[in-house]
Amino acid sequence: MGDYTIGSIKTGSTVIKGITDSSVGSNLQQILLSGSGHIENGFIATVRAEPDVSFATNAVKTALAGLGGINGLGFSGSDTFLWLQAVDGTVVRSGSSHYKATCVAGLFVPKTLTATPTSATINYDVVLISSDGTTAPIAYATASLDASDGPCDEGYVLGAVSLNGTTLDDVSQVTVDFGLNIQRTGGTLYPKNVNILKRQPVITIASTSLTVPIGWGITGAAQTATDSTIQLDDLVLGASRGSSPITFTIDEGAMAATTIGGADGSIAAAAIECKPVWDGVADTIAISGLS
């Protein structure tokens, strides 16, 4: 029937399921030329293409464990794939008429993780590069789905949040911006190199518990000797929360309430920003519970 829907993503032996959104962008740079007093452009050409993939998944543990944690993951050797599943009006997704996109080389970049008391999702960019500057970094062909593909089999929700050793209650949302600054280089049609130049993470927390942020004062508070932690609780199939959380730990940085207030008819809330920095030893944001 000619219709397709999104599928899983695989790099090496890691299969990312639970994909909630994905897209491939061409990122074309084109020139339009005119002159000699003519009203219309008379020439167009593509001078650069920087294709990439973006996706979101609720398979948070699999993604963080298999895609390099806070650092992302480089790949080469055309061992990264994504699928568009053919749909034909039935509930069965079989056969070899699906589209399989092969990515030549690049970098998985964690962008943001958003967690609430009822959900958790992580977003990635896959920055693609060419092997020689002229070979396309991504190519499609018809194929079967991967043998490891299947239904989503994990889930997480926001758990306990502790700042400087004090529990922050009534948290409605936490967003982790991993803050990786990426640059692609190469004076060819397609870029040949990709590098991480800076990391400036920001963690944003929304809470209606105001005692802690008000106690910091206008200028906020430094991260003290007691680590700050954010927990994602695992969900158990057919039951509730399990006992194997993912924990994000910060041991140096600063935190402050950027706003405190609200609208008429609502509970006042604080928007808190935590900005981790590197202490020269531990990860800027250390993650446990991935094994």
# chains A, B, ... in the order shown; residues from 1 in each chain; ligands from 1
$ residues_around --residues "range 19-33 of chain A" --least-positions-apart "5" --cutoff "10 Å" --atoms "only C-alpha atoms" --output "PyMOL selection string"
chain A and resi 5-9+40-59+82+84+101+121-126+138+151-152+189-190
$ residues_around --residues "Pro245 in chain A" --least-positions-apart "6" --cutoff "10 Å" --atoms "only C-alpha atoms" --output "PDB file with C-alpha atoms, in the first residue's frame"
ATOM      1  CA  LYS A  61      18.339   2.596  30.458  1.00  0.00           C
ATOM      2  CA  TYR A 156      10.933   4.743  33.990  1.00  0.00           C
ATOM      3  CA  VAL A 157       9.356   7.603  35.927  1.00  0.00           C
ATOM      4  CA  LEU A 158      10.692  10.399  38.090  1.00  0.00           C
ATOM      5  CA  GLY A 159      11.703   9.305  41.586  1.00  0.00           C
ATOM      6  CA  ALA A 160      13.300  11.086  44.528  1.00  0.00           C
ATOM      7  CA  ILE A 230      17.978  12.705  40.846  1.00  0.00           C
ATOM      8  CA  GLN A 231      16.441   9.271  40.646  1.00  0.00           C
ATOM      9  CA  LEU A 232      14.479   7.590  37.878  1.00  0.00           C
ATOM     10  CA  ASP A 233      12.434   4.704  39.238  1.00  0.00           C
ATOM     11  CA  ASP A 234      12.108   1.613  37.078  1.00  0.00           C
ATOM     12  CA  LEU A 235       8.677   0.212  36.331  1.00  0.00           C
ATOM     13  CA  SER A 288      24.573   4.688  38.223  1.00  0.00           C
ATOM     14  CA  GLY A 289      22.078   1.869  37.798  1.00  0.00           C
ATOM     15  CA  LEU A 290      22.751   1.175  34.118  1.00  0.00           C
TER      16      LEU A 290
END
$ atom_distance --atom1 "CA of Phe248 in chain A" --atom2 "CA of Thr219 in chain A"
23.9 Å
$ atom_distance --atom1 "CA of Gly238 in chain A" --atom2 "CA of Ser162 in chain A"
28.6 Å
$ select_by_dssp --residues "range 38-254 of chain A" --states "alpha helix (DSSP H)" --output "PDB file with N, CA, C and O atoms, in the first residue's frame"
ATOM      1  N   VAL A  60      15.069   4.356  28.359  1.00  0.00           N
ATOM      2  CA  VAL A  60      16.103   5.243  28.888  1.00  0.00           C
ATOM      3  C   VAL A  60      17.352   4.467  29.292  1.00  0.00           C
ATOM      4  O   VAL A  60      18.486   4.866  28.975  1.00  0.00           O
ATOM      5  N   LYS A  61      17.181   3.359  29.987  1.00  0.00           N
ATOM      6  CA  LYS A  61      18.339   2.596  30.458  1.00  0.00           C
ATOM      7  C   LYS A  61      19.132   2.028  29.295  1.00  0.00           C
ATOM      8  O   LYS A  61      20.373   2.139  29.258  1.00  0.00           O
ATOM      9  N   THR A  62      18.454   1.408  28.340  1.00  0.00           N
ATOM     10  CA  THR A  62      19.139   0.827  27.198  1.00  0.00           C
ATOM     11  C   THR A  62      19.904   1.893  26.421  1.00  0.00           C
ATOM     12  O   THR A  62      21.044   1.685  25.996  1.00  0.00           O
ATOM     13  N   ALA A  63      19.283   3.056  26.240  1.00  0.00           N
ATOM     14  CA  ALA A  63      19.929   4.132  25.497  1.00  0.00           C
ATOM     15  C   ALA A  63      21.165   4.654  26.222  1.00  0.00           C
ATOM     16  O   ALA A  63      22.250   4.756  25.629  1.00  0.00           O
ATOM     17  N   LEU A  64      21.036   4.979  27.493  1.00  0.00           N
ATOM     18  CA  LEU A  64      22.182   5.509  28.231  1.00  0.00           C
ATOM     19  C   LEU A  64      23.304   4.484  28.349  1.00  0.00           C
ATOM     20  O   LEU A  64      24.484   4.818  28.217  1.00  0.00           O
ATOM     21  N   ALA A  65      22.941   3.224  28.586  1.00  0.00           N
ATOM     22  CA  ALA A  65      23.956   2.178  28.749  1.00  0.00           C
ATOM     23  C   ALA A  65      24.643   1.851  27.431  1.00  0.00           C
ATOM     24  O   ALA A  65      25.856   1.597  27.389  1.00  0.00           O
ATOM     25  N   GLY A  66      23.889   1.854  26.334  1.00  0.00           N
ATOM     26  CA  GLY A  66      24.439   1.422  25.059  1.00  0.00           C
ATOM     27  C   GLY A  66      24.995   2.519  24.187  1.00  0.00           C
ATOM     28  O   GLY A  66      25.723   2.250  23.235  1.00  0.00           O
ATOM     29  N   THR A 211      10.276  25.754  50.240  1.00  0.00           N
ATOM     30  CA  THR A 211      11.142  26.013  51.385  1.00  0.00           C
ATOM     31  C   THR A 211      12.620  25.966  51.013  1.00  0.00           C
ATOM     32  O   THR A 211      13.402  26.846  51.395  1.00  0.00           O
ATOM     33  N   VAL A 212      13.019  24.952  50.262  1.00  0.00           N
ATOM     34  CA  VAL A 212      14.440  24.800  49.915  1.00  0.00           C
ATOM     35  C   VAL A 212      14.916  25.936  49.011  1.00  0.00           C
ATOM     36  O   VAL A 212      15.903  26.616  49.338  1.00  0.00           O
ATOM     37  N   PRO A 213      14.274  26.218  47.876  1.00  0.00           N
ATOM     38  CA  PRO A 213      14.795  27.293  47.018  1.00  0.00           C
ATOM     39  C   PRO A 213      14.711  28.676  47.652  1.00  0.00           C
ATOM     40  O   PRO A 213      15.603  29.511  47.440  1.00  0.00           O
ATOM     41  N   ILE A 214      13.681  28.948  48.433  1.00  0.00           N
ATOM     42  CA  ILE A 214      13.608  30.244  49.112  1.00  0.00           C
ATOM     43  C   ILE A 214      14.735  30.373  50.128  1.00  0.00           C
ATOM     44  O   ILE A 214      15.332  31.448  50.306  1.00  0.00           O
ATOM     45  N   GLY A 215      15.077  29.266  50.775  1.00  0.00           N
ATOM     46  CA  GLY A 215      16.159  29.286  51.757  1.00  0.00           C
ATOM     47  C   GLY A 215      17.512  29.611  51.158  1.00  0.00           C
ATOM     48  O   GLY A 215      18.421  30.064  51.872  1.00  0.00           O
ATOM     49  N   TRP A 216      17.694  29.376  49.860  1.00  0.00           N
ATOM     50  CA  TRP A 216      18.974  29.710  49.225  1.00  0.00           C
ATOM     51  C   TRP A 216      19.181  31.206  49.061  1.00  0.00           C
ATOM     52  O   TRP A 216      20.306  31.671  48.950  1.00  0.00           O
TER      53      TRP A 216
END
$ atom_distance --atom1 "CA of Thr11 in chain A" --atom2 "CA of Thr114 in chain A"
23.1 Å
$ closest_residue --among "A:Ser148, A:Gln223, A:Ser244, A:Thr204" --to "Val171 in chain A" --atoms "only C-alpha atoms"
A:Thr204
$ closest_residue --among "A:Thr175, A:Thr90, A:Lys192, A:Thr116" --to "Gly133 in chain A" --atoms "only C-alpha atoms"
A:Lys192
$ select_by_dssp --residues "range 29-112 of chain A" --states "strand (DSSP E or B)" --output "ChimeraX atom specification"
/A:29-33,43-49,52-57,73-75,80-87,98-103,105-112
$ closest_residue --among "A:Thr112, A:Ala221, A:Asp153, A:Thr166" --to "Gly179 in chain A" --atoms "only C-alpha atoms"
A:Thr112
$ closest_residue --among "A:Ser94, A:Ser144, A:Thr224, A:Ser13" --to "Met255 in chain A" --atoms "only C-alpha atoms"
A:Thr224
$ closest_residue --among "A:Leu168, A:Pro201, A:Thr284, A:Glu154" --to "Ala270 in chain A" --atoms "only C-alpha atoms"
A:Leu168
$ closest_residue --among "A:Ala115, A:Ile250, A:Leu128, A:Ala257" --to "Phe81 in chain A" --atoms "only C-alpha atoms"
A:Leu128
$ residues_around --residues "Ala141 in chain A" --least-positions-apart "2" --cutoff "9 Å" --atoms "only C-alpha atoms" --output "ChimeraX atom specification"
/A:98-102,139,143
$ write_last_selection --atoms "C-alpha atoms" --output "PDB file, in the first residue's frame"
ATOM      1  CA  HIS A  98      10.734  -2.304   4.917  1.00  0.00           C
ATOM      2  CA  TYR A  99      13.235   0.514   4.449  1.00  0.00           C
ATOM      3  CA  LYS A 100      16.547   0.094   6.240  1.00  0.00           C
ATOM      4  CA  ALA A 101      18.800   3.147   6.451  1.00  0.00           C
ATOM      5  CA  THR A 102      22.514   2.447   6.895  1.00  0.00           C
ATOM      6  CA  ALA A 139      21.614   5.292   2.376  1.00  0.00           C
ATOM      7  CA  ALA A 143      15.247  -5.136   3.911  1.00  0.00           C
TER       8      ALA A 143
END
